[in-house]
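Comments concern the structure below.
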Amino acid sequence: MAEAAPARAGSVLRVPLPPSLPAYADRGVLVCFEGGEGSGKSTQSRRLGAWLEADGFDVVLTYEPGDTPVGKEVRRIVLSPETGELDDRTEALLYAADKAEHVATLVRPALERGAVVVTDRYVDSTLAYQGAGRTLDVAEVEAVARWATGDLRPHLTVVLDLEPATGLARFEGRDRIEGESLAFHQRVRQAFLVMAAADPDHYLVLDARADVDAIEAAVRAAVLPHLGQAART
């Protein structure tokens with residue numbers, strides 16, 4: 001019987017990788033809006049972007065999934081009701097692929113030139129939806145998502161908190177994720193709040209039912225201290 005081939009020098013097979021340290025860009029600013037369905041993330045992203053642009057900053061408004069050519073295909077698969085059932089791990093890996101492409105081709109290049117990148121959803125959405133929502137092992141989901149993004153973290157994550165039943169009532173047609181059960185969306189909401197409570201220095205939680213102008217003002221105040229490392233056009 002042939003002996004198994006010896007492991008190559010330097011092989012890392014079966015050797016656990018040490019945990020990576022969170023990476024915060026030292027040039028540019030990354031701001032993320034998170035929250036459940038219908039919480040107003042897109043509205044506040046646009047408002048923040050308009051304010052920053054009016055003040056002369058280089059601003060990139062983006063979103064996940066789907067804001068790259070590869071991401072558009074991923075978005076179609078993961079959100080279209082025509083896709084039907086996906087294995088939960090398959091879904092998590094597809095979202096991770098979208099993030100890897102998004103960070104490598106759009107987010108990091110923008111940060112490197114000093115832009116303020118404002119993204120509607122990022123890693124926390126994967127942890128909340130595919131981790132807590134799908135009841136996968138959140139630590140495993142996070143390991144994949146952090147690897148996909150090089151552990152790049154937002155300088156500020158704004159969580160717009162809203163009761164799921166209220167947010168979902170704002171939609172007529174629903175995609176694959178919006179169409180999940182109320183219990184699913186309640187787990188998602190709780191996950192966002194838990195993550196925010198664990199890292200208050202990098203999170204701002206706001207009641208999404210508040211006046212949109214009041215929310216915008218609170219977001220501006222939280223973003224302002226980070227703008228020293230952003231470039232103006």
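Naming works like this for the structure tokens: A, B, ... for the chains as they're shown, residue 1 at the start of each chain, ligands 1 onward in shown order.
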Residues of range 46-152 of chain A at most 12 Å from range 189-208 of chain A: nearest atom pair and distance in Å, only C-alpha atoms, as a Markdown table:
```
| residue | atom | partner | partner_atom | distance |
| --- | --- | --- | --- | --- |
| A:Arg121 | CA | A:Phe192 | CA | 11.5 |
| A:Tyr122 | CA | A:Phe192 | CA | 11.8 |
| A:Val123 | CA | A:Phe192 | CA | 11.0 |
| A:Asp124 | CA | A:Phe192 | CA | 7.2 |
| A:Ser125 | CA | A:Phe192 | CA | 8.0 |
| A:Thr126 | CA | A:Ala191 | CA | 10.4 |
| A:Leu127 | CA | A:Ala191 | CA | 7.7 |
| A:Ala128 | CA | A:Ala191 | CA | 5.3 |
| A:Tyr129 | CA | A:Ala191 | CA | 8.5 |
| A:Gln130 | CA | A:Ala191 | CA | 10.8 |
| A:Gly131 | CA | A:Ala191 | CA | 8.8 |
| A:Ala132 | CA | A:Ala191 | CA | 6.4 |
| A:Gly133 | CA | A:Ala191 | CA | 8.5 |
| A:Arg134 | CA | A:Ala191 | CA | 11.7 |
| A:Thr135 | CA | A:Ala191 | CA | 11.0 |
| A:Val138 | CA | A:Ala191 | CA | 10.0 |
| A:Glu142 | CA | A:Met195 | CA | 12.0 |
```
Worksheet item: Can you list, as a list in words, every protein, DNA or RNA residue that comes within 7 Å of Arg176 in chain A when you count only C-alpha atoms, leaving out same-chain residues fewer than 6 positions away?
Response: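 In the requested form, the answer reads Leu79, Ser80 and Pro81 of chain A.
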Worksheet item: Residues at most 10 Å from Asp67 in chain A, counting only C-alpha atoms, excluding those fewer than 2 positions away in the same chain, as number ranges by chain?
Response: A: 61-65, 69-75, 98-99, 101-102, 106, 119
Worksheet item: Where does DSSP see strand (DSSP E or B) in range 106-217 of chain A, if you list the residues as number ranges by chain?
Response: A: 116-120, 152, 156-161, 203-207
Fill in: Residues near Arg113 in chain A, cut-off 10 Å, only C-alpha atoms, skip fewer than 3 positions along chain, as a VMD selection string
chain A and resid 27 to 28 58 108 to 110 116 230 to 231
Discussion item. Would you pick out the contacts of Lys41 in chain A at 10 Å or less, using only C-alpha atoms, so that residues sharing its chain but fewer than 6 positions from it are not included, and give the list as a list of chain:residue names?
Written reply: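 With the cut-off at 10 Å, the set is A:Cys32, A:Phe33, A:Glu34, A:Gly35, A:Arg47, A:Thr119, A:Asp120, A:Arg121, A:Val158, A:Val159, A:Leu160, A:Ala208.
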Fill in: CA of Leu86 in chain A to CA of Glu180 in chain A, distance in Å rounded to a single decimal
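CA of Leu86 in chain A sits 12.9 Å away from CA of Glu180 in chain A.
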Worksheet item: So which bits of range 40-152 of chain A end up helix (DSSP H, G or I) when you DSSP the backbone, as a VMD selection string?
Response: chain A and resid 41 to 54 69 to 79 81 to 83 88 to 112 123 to 133 138 to 149
Worksheet entry | Shell of 10 Å around Val59 in chain A, only C-alpha atoms, local chain residues under 4 positions omitted, as a ChimeraX atom specification | /A:28-29,48-53,110-111,114-118,230-233
Worksheet item: What does the distance between CA of Phe184 in chain A and CA of Ala169 in chain A come to in Å, to one decimal place?
Response: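 Between these atoms lies a distance of 15.2 Å.
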Fill in: Shortest interatomic distance to Asp55 in chain A - which of A:Gly167, A:Thr43, A:Leu227, A:Leu94, counting only C-alpha atoms
A:Leu227
Worksheet item: Pick from A:Arg220, A:Ala214, A:Gly228, A:Phe171: nearest to Glu37 in chain A, with only C-alpha atoms counted?
Response: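 Of the candidates, the smallest distance to Glu37 in chain A is held by A:Phe171.
Here CA of Val103 in chain A stands at a distance of 13.0 Å from CA of Tyr24 in chain A.
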Discussion item. Nearest residue to Gly84 in chain A out of A:Gly56, A:Ile177, A:Gln44, A:Gly36, using only C-alpha atoms?
Written reply: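 Between A:Gly56, A:Ile177, A:Gln44, A:Gly36, the residue approaching Gly84 in chain A most closely is A:Ile177.
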